[in-house]
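Source file: protein_33.cif (mmCIF, C-alpha atoms and all ligand atoms)
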```cif
data_query
loop_
_atom_site.label_atom_id
_atom_site.label_comp_id
_atom_site.auth_asym_id
_atom_site.auth_seq_id
_atom_site.Cartn_x
_atom_site.Cartn_y
_atom_site.Cartn_z
CA MET P 1 16.66 -42.66 -45.57
CA LYS P 2 18.51 -39.50 -44.62
CA LYS P 3 15.58 -37.46 -45.97
CA TRP P 4 13.07 -39.45 -43.93
CA PHE P 5 15.20 -38.95 -40.90
CA ALA P 6 15.30 -35.22 -41.46
CA VAL P 7 11.52 -35.06 -41.88
CA LEU P 8 11.04 -37.11 -38.74
CA ALA P 9 13.40 -34.84 -36.83
CA VAL P 10 11.43 -31.76 -37.94
CA VAL P 11 8.14 -33.38 -36.93
CA VAL P 12 9.49 -34.37 -33.53
CA LEU P 13 10.91 -30.89 -33.00
CA ALA P 14 7.57 -29.32 -33.96
CA LEU P 15 5.77 -31.58 -31.50
CA VAL P 16 8.20 -30.70 -28.73
CA ILE P 17 7.86 -26.99 -29.41
CA SER P 18 4.07 -27.13 -29.48
CA GLY P 19 4.18 -29.25 -26.34
CA VAL P 20 6.20 -26.57 -24.61
CA ALA P 21 3.81 -23.91 -25.89
CA MET P 22 0.87 -25.94 -24.62
CA ALA P 23 2.53 -26.38 -21.28
CA GLN P 24 2.94 -22.60 -21.14
CA ASP P 25 -0.66 -22.04 -22.19
CA ALA P 26 -2.01 -24.44 -19.65
CA PRO P 27 0.11 -24.39 -16.53
CA SER P 28 -0.27 -27.19 -14.04
CA GLY P 29 1.03 -28.22 -10.65
CA GLU P 30 0.87 -26.28 -7.42
CA LEU P 31 0.70 -22.51 -7.14
CA GLU P 32 1.57 -21.18 -3.71
CA ILE P 33 0.09 -17.72 -3.12
CA PHE P 34 1.50 -15.85 -0.15
CA SER P 35 -0.46 -13.01 1.48
CA TRP P 36 -1.85 -11.81 4.82
CA TRP P 37 -5.52 -12.01 3.90
CA THR P 38 -6.99 -14.55 6.27
CA GLY P 39 -10.33 -13.18 7.40
CA GLY P 40 -13.52 -11.36 6.43
CA GLY P 41 -13.64 -9.17 3.35
CA GLU P 42 -9.91 -9.65 2.81
CA ALA P 43 -10.17 -13.42 2.65
CA ALA P 44 -13.41 -13.16 0.66
CA GLY P 45 -11.61 -11.06 -1.95
CA LEU P 46 -8.71 -13.48 -2.21
CA ASP P 47 -11.08 -16.46 -2.34
CA ALA P 48 -13.04 -14.84 -5.16
CA LEU P 49 -9.81 -14.47 -7.14
CA ILE P 50 -8.73 -18.03 -6.43
CA ALA P 51 -12.15 -19.45 -7.41
CA LYS P 52 -12.13 -17.72 -10.79
CA PHE P 53 -8.49 -18.63 -11.37
CA ALA P 54 -9.32 -22.29 -10.65
CA GLU P 55 -12.03 -22.14 -13.30
CA LEU P 56 -9.61 -20.71 -15.83
CA TYR P 57 -6.71 -23.04 -14.94
CA PRO P 58 -8.21 -26.31 -13.71
CA ASP P 59 -4.85 -28.08 -13.82
CA VAL P 60 -3.30 -25.77 -11.25
CA SER P 61 -3.93 -26.48 -7.60
CA VAL P 62 -3.72 -23.35 -5.51
CA VAL P 63 -2.08 -23.43 -2.11
CA ASN P 64 -3.33 -20.44 -0.15
CA ALA P 65 -0.37 -19.70 2.12
CA ALA P 66 -1.85 -16.66 3.87
CA VAL P 67 -0.29 -15.76 7.23
CA ALA P 68 -2.64 -14.01 9.69
CA GLY P 69 -1.86 -10.58 11.09
CA GLY P 70 -3.14 -7.17 10.02
CA SER P 71 -1.00 -5.11 7.66
CA GLY P 72 1.27 -8.11 7.12
CA VAL P 73 3.24 -7.71 10.32
CA ASN P 74 3.67 -11.47 10.67
CA ALA P 75 3.54 -12.36 6.99
CA ARG P 76 6.46 -10.11 6.09
CA ALA P 77 8.67 -11.76 8.71
CA VAL P 78 7.77 -15.24 7.44
CA LEU P 79 8.32 -14.17 3.84
CA THR P 80 11.75 -12.76 4.63
CA THR P 81 12.82 -15.97 6.33
CA ARG P 82 11.59 -18.03 3.41
CA MET P 83 13.20 -15.84 0.78
CA LEU P 84 16.51 -15.81 2.62
CA GLY P 85 16.29 -19.57 3.06
CA GLY P 86 15.84 -20.17 -0.67
CA ASP P 87 12.22 -21.27 -0.22
CA PRO P 88 10.17 -18.63 -2.05
CA PRO P 89 6.44 -19.02 -2.68
CA ASP P 90 5.29 -18.78 -6.32
CA THR P 91 3.93 -15.29 -5.80
CA PHE P 92 3.63 -12.94 -2.86
CA GLN P 93 1.64 -9.91 -1.78
CA VAL P 94 3.68 -6.75 -1.45
CA HIS P 95 2.86 -3.05 -1.14
CA ALA P 96 3.65 -0.83 -4.09
CA GLY P 97 6.44 1.62 -3.34
CA GLU P 98 9.35 1.28 -0.98
CA GLU P 99 8.28 -2.05 0.52
CA LEU P 100 8.75 -3.54 -2.95
CA ASN P 101 11.63 -1.42 -4.18
CA ALA P 102 13.90 -0.94 -1.18
CA VAL P 103 13.84 -4.62 -0.28
CA TRP P 104 12.94 -7.07 -3.01
CA VAL P 105 13.92 -5.10 -6.11
CA ALA P 106 17.12 -3.84 -4.50
CA ALA P 107 18.05 -7.43 -3.60
CA HIS P 108 17.28 -8.65 -7.15
CA ALA P 109 14.87 -11.10 -5.56
CA VAL P 110 11.91 -10.47 -7.88
CA GLU P 111 11.51 -10.89 -11.63
CA PRO P 112 10.60 -8.05 -14.00
CA LEU P 113 7.07 -8.47 -15.35
CA ASN P 114 7.18 -6.16 -18.38
CA SER P 115 6.26 -8.95 -20.79
CA ILE P 116 3.03 -9.61 -18.87
CA TYR P 117 2.20 -5.90 -18.93
CA GLU P 118 2.89 -5.68 -22.64
CA ALA P 119 0.98 -8.85 -23.52
CA ASN P 120 -2.09 -7.52 -21.69
CA GLY P 121 -1.91 -3.88 -22.79
CA TRP P 122 -1.56 -2.85 -19.15
CA MET P 123 0.85 0.03 -19.73
CA GLU P 124 -2.22 2.01 -20.79
CA GLN P 125 -4.59 0.49 -18.23
CA PHE P 126 -2.94 1.36 -14.91
CA PRO P 127 -2.46 4.93 -13.65
CA GLN P 128 1.03 6.16 -14.45
CA GLY P 129 1.63 7.26 -10.85
CA LEU P 130 0.97 3.72 -9.70
CA LEU P 131 3.20 2.19 -12.40
CA ASP P 132 5.97 4.53 -11.28
CA LEU P 133 5.82 2.99 -7.79
CA LEU P 134 6.48 -0.45 -9.30
CA THR P 135 9.14 0.46 -11.85
CA ASP P 136 12.91 0.85 -11.50
CA ALA P 137 15.17 3.38 -13.21
CA GLU P 138 15.67 1.01 -16.17
CA GLY P 139 11.94 0.70 -16.76
CA ASN P 140 11.52 -2.78 -15.32
CA ILE P 141 8.13 -3.32 -13.62
CA TYR P 142 8.17 -5.69 -10.67
CA ALA P 143 4.63 -6.27 -9.47
CA VAL P 144 0.98 -6.36 -10.53
CA PRO P 145 -1.33 -4.15 -8.44
CA VAL P 146 -4.77 -5.46 -7.53
CA ASN P 147 -6.17 -2.38 -5.81
CA ILE P 148 -5.95 1.13 -4.48
CA HIS P 149 -6.68 1.44 -0.76
CA ARG P 150 -7.21 4.69 1.11
CA SER P 151 -5.55 5.15 4.49
CA ASN P 152 -6.99 8.48 5.71
CA VAL P 153 -10.56 7.48 6.45
CA MET P 154 -12.51 8.20 9.63
CA TRP P 155 -15.40 5.79 10.26
CA TYR P 156 -18.49 6.49 12.35
CA ILE P 157 -22.22 5.84 12.66
CA PRO P 158 -24.35 8.92 11.90
CA ALA P 159 -27.19 8.06 14.32
CA ASN P 160 -24.74 7.57 17.17
CA LEU P 161 -23.05 10.92 16.61
CA GLU P 162 -26.43 12.57 16.61
CA GLN P 163 -27.36 10.89 19.85
CA TRP P 164 -24.11 12.02 21.46
CA GLY P 165 -24.47 15.52 20.06
CA VAL P 166 -21.22 15.63 18.11
CA THR P 167 -20.35 16.15 14.46
CA VAL P 168 -17.44 14.82 12.43
CA PRO P 169 -14.39 16.94 13.35
CA THR P 170 -12.63 18.62 10.46
CA SER P 171 -9.33 19.31 12.19
CA TRP P 172 -7.30 17.59 14.89
CA ASP P 173 -7.54 20.71 17.06
CA GLU P 174 -11.32 20.45 16.90
CA PHE P 175 -11.16 16.77 17.74
CA VAL P 176 -8.81 17.22 20.71
CA ASN P 177 -10.41 20.37 22.16
CA GLU P 178 -14.10 19.88 21.44
CA THR P 179 -15.13 16.45 20.14
CA CYS P 180 -13.03 14.37 22.50
CA PRO P 181 -14.09 16.06 25.77
CA ALA P 182 -17.75 16.05 24.71
CA LEU P 183 -17.65 12.32 24.04
CA GLN P 184 -15.71 11.56 27.20
CA ALA P 185 -18.35 13.45 29.17
CA ALA P 186 -20.98 11.24 27.51
CA GLY P 187 -19.07 8.13 28.60
CA VAL P 188 -18.04 7.16 25.08
CA THR P 189 -14.53 6.36 23.84
CA PRO P 190 -13.88 9.19 21.37
CA LEU P 191 -11.53 7.25 19.09
CA ALA P 192 -10.92 3.51 18.89
CA VAL P 193 -7.45 2.31 17.99
CA GLY P 194 -5.76 -1.08 18.09
CA GLU P 195 -2.31 -2.66 18.19
CA ASN P 196 0.95 -0.90 17.34
CA TRP P 197 0.68 -0.84 13.53
CA THR P 198 -2.79 0.71 13.76
CA GLN P 199 -1.26 3.45 15.92
CA VAL P 200 1.25 4.12 13.12
CA HIS P 201 -1.73 4.17 10.78
CA LEU P 202 -3.39 6.77 13.03
CA TRP P 203 -0.15 8.74 13.22
CA GLU P 204 0.09 9.18 9.45
CA SER P 205 -3.40 10.68 9.40
CA VAL P 206 -2.46 13.03 12.24
CA ALA P 207 0.75 13.99 10.41
CA LEU P 208 -1.06 14.74 7.15
CA GLY P 209 -3.82 16.63 8.97
CA VAL P 210 -1.38 18.78 10.94
CA LEU P 211 1.31 19.33 8.29
CA GLY P 212 -0.73 19.51 5.09
CA THR P 213 0.17 17.90 1.78
CA ASP P 214 3.56 19.43 0.99
CA ALA P 215 5.14 19.23 4.43
CA TYR P 216 3.82 15.67 4.82
CA ASN P 217 5.45 14.69 1.51
CA GLY P 218 8.59 16.46 2.71
CA LEU P 219 9.00 13.89 5.49
CA TRP P 220 9.78 11.31 2.82
CA ASN P 221 11.96 13.36 0.50
CA GLY P 222 14.03 15.11 3.14
CA THR P 223 12.55 18.60 2.78
CA THR P 224 10.67 18.45 6.10
CA SER P 225 12.98 18.04 9.06
CA TRP P 226 11.95 15.51 11.68
CA THR P 227 13.20 17.87 14.37
CA SER P 228 11.33 20.97 13.08
CA PRO P 229 8.73 22.64 15.33
CA GLU P 230 6.00 21.55 12.88
CA VAL P 231 6.89 17.88 13.24
CA GLN P 232 7.24 18.24 17.02
CA GLY P 233 3.71 19.63 16.80
CA VAL P 234 2.55 16.47 15.00
CA PHE P 235 3.78 14.30 17.86
CA ASP P 236 2.29 16.66 20.42
CA THR P 237 -1.11 16.40 18.74
CA PHE P 238 -0.66 12.64 18.36
CA LEU P 239 -0.18 12.22 22.12
CA LYS P 240 -3.31 14.27 22.77
CA VAL P 241 -5.21 12.10 20.29
CA ILE P 242 -3.93 8.92 21.95
CA ALA P 243 -5.27 10.25 25.26
CA CYS P 244 -8.72 10.12 23.63
CA THR P 245 -8.43 6.41 22.75
CA ASN P 246 -9.23 3.12 24.48
CA ASP P 247 -6.79 1.88 27.16
CA ASP P 248 -6.72 -1.68 25.82
CA ARG P 249 -5.46 -0.53 22.42
CA ASN P 250 -2.30 -2.66 22.34
CA ALA P 251 -4.37 -5.84 22.61
CA LEU P 252 -6.77 -5.17 19.75
CA PRO P 253 -6.49 -6.27 16.12
CA TRP P 254 -7.81 -3.66 13.70
CA GLN P 255 -11.14 -5.42 13.29
CA ASP P 256 -11.88 -5.16 17.02
CA ALA P 257 -11.03 -1.47 17.04
CA SER P 258 -13.34 -0.87 14.05
CA LYS P 259 -16.03 -2.92 15.76
CA MET P 260 -16.00 -0.62 18.80
CA VAL P 261 -17.57 1.94 16.49
CA THR P 262 -20.28 -0.33 15.16
CA ASP P 263 -20.93 -1.66 18.68
CA GLY P 264 -21.45 1.92 19.83
CA THR P 265 -18.69 1.92 22.44
CA ALA P 266 -16.52 4.32 20.42
CA ALA P 267 -17.46 7.25 18.21
CA PHE P 268 -14.70 7.08 15.61
CA ASN P 269 -11.98 4.86 14.19
CA ILE P 270 -9.33 5.76 11.66
CA MET P 271 -8.51 2.82 9.46
CA GLY P 272 -7.87 2.04 5.82
CA ASP P 273 -10.86 1.13 3.73
CA TRP P 274 -10.38 -2.58 4.25
CA ALA P 275 -12.62 -1.55 7.17
CA ALA P 276 -15.35 -1.00 4.55
CA GLY P 277 -14.81 -4.62 3.47
CA TYR P 278 -15.12 -5.66 7.11
CA PHE P 279 -18.31 -3.64 7.67
CA LEU P 280 -19.85 -4.89 4.42
CA VAL P 281 -18.80 -8.55 4.46
CA ASP P 282 -18.25 -9.51 8.10
CA LEU P 283 -20.90 -7.29 9.66
CA ALA P 284 -23.32 -6.96 6.70
CA LEU P 285 -23.84 -3.24 7.36
CA GLU P 286 -25.30 -0.71 4.95
CA PRO P 287 -23.00 2.04 3.71
CA GLY P 288 -24.24 5.46 4.80
CA THR P 289 -26.34 4.24 7.74
CA GLY P 290 -24.70 1.14 9.25
CA PHE P 291 -21.37 2.83 8.78
CA ALA P 292 -20.27 6.17 7.37
CA TRP P 293 -16.97 7.81 6.51
CA ALA P 294 -15.13 11.09 6.13
CA PRO P 295 -11.53 12.05 5.42
CA SER P 296 -9.58 11.93 8.70
CA PRO P 297 -9.54 15.39 10.35
CA GLY P 298 -7.70 18.07 8.39
CA THR P 299 -7.04 15.82 5.40
CA GLU P 300 -9.96 16.75 3.16
CA GLY P 301 -8.75 17.06 -0.43
CA ASN P 302 -6.01 14.46 0.16
CA PHE P 303 -6.20 10.79 -0.71
CA MET P 304 -3.52 8.88 1.19
CA MET P 305 -3.02 5.81 -0.92
CA LEU P 306 -1.46 2.39 -0.75
CA SER P 307 -1.67 -0.49 -3.16
CA ASP P 308 -1.54 -4.24 -2.73
CA SER P 309 0.28 -5.98 -5.52
CA PHE P 310 1.68 -9.40 -6.36
CA ALA P 311 5.28 -10.13 -7.33
CA LEU P 312 7.14 -13.08 -8.82
CA PRO P 313 10.13 -14.14 -6.73
CA VAL P 314 13.32 -15.23 -8.42
CA GLY P 315 13.40 -19.01 -8.04
CA ALA P 316 9.62 -19.44 -7.77
CA PRO P 317 8.98 -23.19 -7.99
CA ASN P 318 6.21 -22.85 -10.60
CA PRO P 319 6.82 -19.71 -12.68
CA ALA P 320 4.35 -20.76 -15.41
CA ALA P 321 1.49 -20.93 -12.92
CA ALA P 322 2.70 -17.73 -11.24
CA ASN P 323 2.68 -15.98 -14.61
CA ALA P 324 -0.88 -17.15 -15.19
CA TRP P 325 -1.90 -15.82 -11.75
CA LEU P 326 -0.23 -12.46 -12.35
CA SER P 327 -1.75 -12.18 -15.83
CA PHE P 328 -5.14 -12.84 -14.28
CA VAL P 329 -5.13 -10.64 -11.17
CA GLY P 330 -4.24 -7.52 -13.13
CA THR P 331 -7.30 -7.71 -15.37
CA GLY P 332 -10.34 -5.51 -14.90
CA GLU P 333 -12.46 -8.66 -14.59
CA ALA P 334 -10.41 -10.06 -11.70
CA GLN P 335 -10.34 -6.68 -9.99
CA ASP P 336 -14.14 -6.44 -10.16
CA LEU P 337 -14.35 -9.75 -8.29
CA PHE P 338 -11.84 -8.73 -5.66
CA ASN P 339 -12.34 -5.09 -4.78
CA PRO P 340 -16.07 -4.82 -4.00
CA VAL P 341 -15.54 -7.20 -1.06
CA LYS P 342 -12.01 -6.07 -0.20
CA GLY P 343 -13.09 -2.46 0.30
CA SER P 344 -10.66 -1.02 -2.25
CA LEU P 345 -10.82 0.61 -5.66
CA PRO P 346 -9.69 -1.37 -8.68
CA ALA P 347 -6.23 -0.34 -9.89
CA ASN P 348 -6.95 -1.33 -13.49
CA THR P 349 -8.87 1.52 -15.11
CA THR P 350 -10.83 -0.86 -17.36
CA ALA P 351 -12.62 -2.28 -14.30
CA ASP P 352 -16.30 -1.47 -13.89
CA ILE P 353 -16.02 1.17 -11.15
CA GLY P 354 -18.90 3.15 -12.69
CA ASN P 355 -21.25 0.24 -11.89
CA SER P 356 -22.87 1.32 -8.63
CA GLU P 357 -24.51 -2.07 -8.13
CA LEU P 358 -21.06 -3.59 -7.92
CA TYR P 359 -19.31 -0.68 -6.24
CA ASN P 360 -21.63 0.84 -3.64
CA ALA P 361 -21.79 4.38 -2.25
CA TYR P 362 -18.55 4.00 -0.32
CA PHE P 363 -16.58 3.12 -3.44
CA GLN P 364 -18.25 5.86 -5.48
CA SER P 365 -17.19 8.47 -2.95
CA ALA P 366 -13.66 7.05 -2.67
CA TYR P 367 -13.38 7.04 -6.46
CA GLU P 368 -14.45 10.65 -6.69
CA ASP P 369 -11.74 11.59 -4.22
CA TRP P 370 -9.14 9.34 -5.88
CA THR P 371 -9.71 11.11 -9.18
CA SER P 372 -9.80 14.66 -7.82
CA ASN P 373 -7.69 14.86 -4.63
CA ALA P 374 -3.99 15.36 -4.05
CA ILE P 375 -2.47 11.87 -3.81
CA VAL P 376 -0.02 11.17 -0.98
CA GLY P 377 1.50 7.88 0.17
CA SER P 378 1.15 5.78 3.32
CA LEU P 379 3.96 5.10 5.78
CA ALA P 380 2.17 2.31 7.64
CA HIS P 381 1.61 0.37 4.41
CA GLY P 382 4.96 0.44 2.76
CA LEU P 383 4.66 3.17 0.17
CA VAL P 384 6.76 6.15 1.23
CA ALA P 385 9.56 4.78 3.41
CA PRO P 386 11.87 1.79 3.23
CA PRO P 387 11.04 -0.99 5.72
CA ALA P 388 14.34 -0.21 7.46
CA PHE P 389 12.67 3.04 8.52
CA SER P 390 9.05 1.98 8.90
CA ASN P 391 9.90 -1.17 10.91
CA SER P 392 11.54 1.03 13.52
CA PHE P 393 8.82 3.66 13.48
CA GLY P 394 6.27 1.50 15.35
CA PRO P 395 8.59 0.83 18.30
CA ALA P 396 9.56 4.54 18.36
CA LEU P 397 5.89 5.46 18.62
CA ALA P 398 5.34 2.89 21.39
CA SER P 399 8.21 4.41 23.42
CA LEU P 400 6.84 7.89 22.84
CA ILE P 401 3.42 6.88 24.14
CA ASP P 402 5.11 5.52 27.28
CA SER P 403 7.58 8.34 27.84
CA GLY P 404 5.93 11.40 26.28
CA ASP P 405 9.43 12.51 25.30
CA ILE P 406 8.92 14.24 21.94
CA PRO P 407 12.41 15.76 21.44
CA SER P 408 14.20 12.46 21.86
CA THR P 409 11.68 10.69 19.57
CA THR P 410 12.10 13.21 16.77
CA ALA P 411 15.88 13.26 17.20
CA SER P 412 16.11 9.50 16.82
CA LEU P 413 13.73 9.50 13.85
CA ALA P 414 15.82 12.19 12.17
CA GLN P 415 18.86 9.99 12.61
CA LEU P 416 16.99 6.94 11.34
CA ALA P 417 15.89 8.86 8.25
CA ILE P 418 19.54 9.60 7.46
CA GLN P 419 20.72 6.06 8.23
CA THR P 420 18.06 4.50 6.01
CA GLY P 421 18.78 6.83 3.09
CA MET P 422 15.43 8.61 3.19
CA ASN P 423 16.93 12.05 2.79
CA ASP P 424 19.04 11.13 -0.25
C1 LIG J 1 -2.75 -3.47 4.61
C2 LIG J 1 -3.10 -4.10 3.30
C3 LIG J 1 -4.57 -4.22 3.19
C4 LIG J 1 -5.12 -4.90 4.42
C5 LIG J 1 -4.64 -4.26 5.69
C6 LIG J 1 -5.11 -4.92 6.96
O1 LIG J 1 -1.37 -3.39 4.76
O2 LIG J 1 -2.61 -3.31 2.27
O3 LIG J 1 -4.90 -4.93 2.05
O4 LIG J 1 -4.76 -6.23 4.38
O5 LIG J 1 -3.25 -4.22 5.68
O6 LIG J 1 -4.64 -6.19 7.10
#
```

The structure given in the file should be rewritten as structure tokens.
Ligand code: GAL
Amino acid sequence: MKKWFAVLAVVVLALVISGVAMAQDAPSGELEIFSWWTGGGEAAGLDALIAKFAELYPDVSVVNAAVAGGSGVNARAVLTTRMLGGDPPDTFQVHAGEELNAVWVAAHAVEPLNSIYEANGWMEQFPQGLLDLLTDAEGNIYAVPVNIHRSNVMWYIPANLEQWGVTVPTSWDEFVNETCPALQAAGVTPLAVGENWTQVHLWESVALGVLGTDAYNGLWNGTTSWTSPEVQGVFDTFLKVIACTNDDRNALPWQDASKMVTDGTAAFNIMGDWAAGYFLVDLALEPGTGFAWAPSPGTEGNFMMLSDSFALPVGAPNPAAANAWLSFVGTGEAQDLFNPVKGSLPANTTADIGNSELYNAYFQSAYEDWTSNAIVGSLAHGLVAPPAFSNSFGPALASLIDSGDIPSTTASLAQLAIQTGMND
């Protein structure tokens, strides 16, 4: 009797264990995915991921909890409230670098994902420089990147430039002194820009173009002083560039600013290459003719990067489904579904970037630069500075545009850099 009981106990235990394993293999329930991809190529990319995931995990029902607002300005505020309130989603979009590390990792609010990386062989599949942006001093990796975006891109339409008699400027001095007046004389807005965060986005291209690679990097490691004459020069050029932009800038989302170029009311726009996703998916334009691109003035040879990734919050309601999502989005296969419509390069090096049917001429040129240029990081998209700094940078830029007071702007940014630990 005792023996039978023991056998039965072993059988029951085996069934329970295999049941648990099965439950892990086949997650079920709701999976809430938090991002800021609500329209156009961005939403198309996310939808493509969700559709394939639903095929692979039919028992999981995805709740797409995207919050509208370019560059996550609104989404990040909602996410913070939810995380502080003990109501995390199952997974959330976050930029690689300081946006991840200085907030969520520092607060111990996200789980390490090393086991997912190891199970999938990803330590060898993602660029080391990118892994470094997601990893703490102990070697814990906290997010799965889905792409590499480029910030320093200038968009234009070749036929329009020809008609207006201008060429793509290769320095900010050329833009301010030659290109801008020529276009203004022709009744065209020289450079389209949108709401505050897109002005920060423009600023980082001006800063890189004026300072060059090393001094630009120095802003984030404390070796370039915010009050130096060089940095004062960046803000001086920035104000001259702003004088070449549309007056209604504060009212425009990034898509509308990019559209001024394709509508022919503006000659240029500087925006990350999600604009390529917008031109390709929303506007169905041909790369090379319907829209064209160049490094923003003075930044040739530099690829200013940012990367969207997904993290697993501590206390996620459905960690099994979140693990399945994270294990999926990091694969080359998932990244080939996402990036050709998103406008970005795949982060996983096993993706099919060499396939020019999948990745058109824009991606081929971005990939060539990604693999040969100096790589620097974006301020506007969370890579180089902690949010405590970058969240205050937009308002500082807005005041500068109103007041024109460069010395007081740089003095307060210098102080902010110290207060937020950027110079440590
Ligand atoms: C960036 C993000 C991109 C794109 C862009 C515009 O911050 O990394 O994926 O969403 O904002 O919304």

| said: Measuring between all atoms listed in the file, which one of P:Tyr367, P:Phe175, P:Tyr142, P:Phe310 shows the shortest distance to Val329 of chain P? | reply: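 Residue with the minimum atom-to-atom distance to Val329 of chain P: P:Phe310.
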
| note | If you count only C-alpha atoms and all ligand atoms, the residue of P:Asn360, P:Ser307, P:Asn160, P:Ser365 closest to ligand LIG 1 (chain J) turns out to be P:Ser307

Give me the residues of chain P that have any atom at most 6 Å from an atom of ligand LIG 1 (chain J); for each, the nearest atom pair and the distance in Å, rounded to one decimal. Use all atoms listed in the file, sort by chain and number, and format it as a tab-separated table.
```
residue	atom	partner	partner_atom	distance
P:Trp37	CA	J:LIG1	O4	5.8
P:Gly70	CA	J:LIG1	O6	3.4
P:Ser71	CA	J:LIG1	O5	3.1
P:Gly72	CA	J:LIG1	O1	5.9
P:Trp274	CA	J:LIG1	C4	5.8
P:Asp308	CA	J:LIG1	O2	5.2
P:His381	CA	J:LIG1	O1	4.8
```

| field | Nearby residues (all atoms listed in the file) at most 12 Å from His108 of chain P, same-chain spacing under 3 positions excluded, as a ChimeraX atom specification | value | /P:83,100-105,111-112,136,140,142,312-315

| query | Between P:Glu357, P:Glu195, P:Asp352, P:Glu124, which is the closest to Asp247 of chain P once you count all atoms listed in the file? | reply | P:Glu195

| Which residue of P:Trp155, P:Trp226, P:Trp220, P:Trp164 approaches Asp273 of chain P most closely, using only C-alpha atoms |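 Using only C-alpha atoms, Asp273 of chain P sits closest to P:Trp155.
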
Write out as a PDB file with C-alpha atoms, in the coordinates of the input each polymer residue whose atoms come within 7 Å of segment 334-346 of chain P, counting all atoms listed in the file; drop sequence neighbours fewer than 3 positions from it.
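For reference, part-v5.pdb as written:
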```pdb
ATOM      1  CA  GLY P  41     -13.640  -9.170   3.350  1.00  0.00           C
ATOM      2  CA  GLU P  42      -9.910  -9.650   2.810  1.00  0.00           C
ATOM      3  CA  ALA P  44     -13.410 -13.160   0.660  1.00  0.00           C
ATOM      4  CA  GLY P  45     -11.610 -11.060  -1.950  1.00  0.00           C
ATOM      5  CA  LEU P  46      -8.710 -13.480  -2.210  1.00  0.00           C
ATOM      6  CA  ALA P  48     -13.040 -14.840  -5.160  1.00  0.00           C
ATOM      7  CA  LEU P  49      -9.810 -14.470  -7.140  1.00  0.00           C
ATOM      8  CA  VAL P 146      -4.770  -5.460  -7.530  1.00  0.00           C
ATOM      9  CA  ASN P 147      -6.170  -2.380  -5.810  1.00  0.00           C
ATOM     10  CA  ILE P 148      -5.950   1.130  -4.480  1.00  0.00           C
ATOM     11  CA  HIS P 149      -6.680   1.440  -0.760  1.00  0.00           C
ATOM     12  CA  ASP P 273     -10.860   1.130   3.730  1.00  0.00           C
ATOM     13  CA  TRP P 274     -10.380  -2.580   4.250  1.00  0.00           C
ATOM     14  CA  ALA P 275     -12.620  -1.550   7.170  1.00  0.00           C
ATOM     15  CA  ALA P 276     -15.350  -1.000   4.550  1.00  0.00           C
ATOM     16  CA  GLY P 277     -14.810  -4.620   3.470  1.00  0.00           C
ATOM     17  CA  VAL P 281     -18.800  -8.550   4.460  1.00  0.00           C
ATOM     18  CA  PHE P 328      -5.140 -12.840 -14.280  1.00  0.00           C
ATOM     19  CA  VAL P 329      -5.130 -10.640 -11.170  1.00  0.00           C
ATOM     20  CA  GLY P 330      -4.240  -7.520 -13.130  1.00  0.00           C
ATOM     21  CA  THR P 331      -7.300  -7.710 -15.370  1.00  0.00           C
ATOM     22  CA  ALA P 351     -12.620  -2.280 -14.300  1.00  0.00           C
ATOM     23  CA  ASP P 352     -16.300  -1.470 -13.890  1.00  0.00           C
ATOM     24  CA  LEU P 358     -21.060  -3.590  -7.920  1.00  0.00           C
ATOM     25  CA  TYR P 359     -19.310  -0.680  -6.240  1.00  0.00           C
ATOM     26  CA  PHE P 363     -16.580   3.120  -3.440  1.00  0.00           C
ATOM     27  CA  TYR P 367     -13.380   7.040  -6.460  1.00  0.00           C
TER      28      TYR P 367
END
```

| task | May I have the residues at most 12 Å from (5.7, 18.1, -0.4) in the file's coordinates, counting all atoms listed in the file, as a list in words? | result |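 Looking at atoms near the point gives Leu208, Leu211, Gly212, Thr213, Asp214, Ala215, Tyr216, Asn217, Gly218, Leu219, Trp220, Asn221, Gly222, Thr223, Thr224, Ser225, Ala374, Ile375, Val376 and Gly377 of chain P.
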
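If you measure from each of P:Ser61, P:Thr170, P:Asn152, P:Ser372 to Ile270 of chain P using only C-alpha atoms, the closest one turns out to be P:Asn152.
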
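Rounded to one decimal, atom CA of Ile353 of chain P and atom CA of Glu333 of chain P lie 11.0 Å from each other.
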
| said: From the options P:Leu79, P:Ala54, P:Leu191, P:Leu84, which residue's atoms come nearest to Ala66 of chain P, counting all atoms listed in the file? | reply: P:Leu79

| message | Just want the 8 Å neighbourhood of segment 388-395 of chain P, counted on only C-alpha atoms, with same-chain residues fewer than 6 positions away dropped. Output as a ChimeraX atom specification. | response | /P:196-197,199-200,379-380,382,413,416-417,420

| task | List every protein, DNA or RNA residue that has at least one atom no more than 8 Å from (-3.6, 16.0, 13.6) in the file's coordinates, counting only C-alpha atoms, and write the result as an NGL selection string. | result | :P and (171-173 or 205-211 or 234 or 237-238 or 241 or 297-298)

| message | Using Å and a single decimal, report how far atom CA of Ala366 of chain P sits from atom CA of Ala257 of chain P. | response | 21.6 Å

| field | Surrounding residues of Pro88 of chain P excluding itself and chain neighbours under 3 positions, 12 Å, all atoms listed in the file, as a list in words | value | Leu31, Glu32, Ile33, Phe34, Ala65, Val78, Leu79, Thr80, Thr81, Arg82, Met83, Leu84, Gly85, Thr91, Phe92, Trp104, Ala109, Val110, Ala311, Leu312, Pro313, Val314, Gly315, Ala316, Pro317, Asn318, Pro319 and Ala322 of chain P
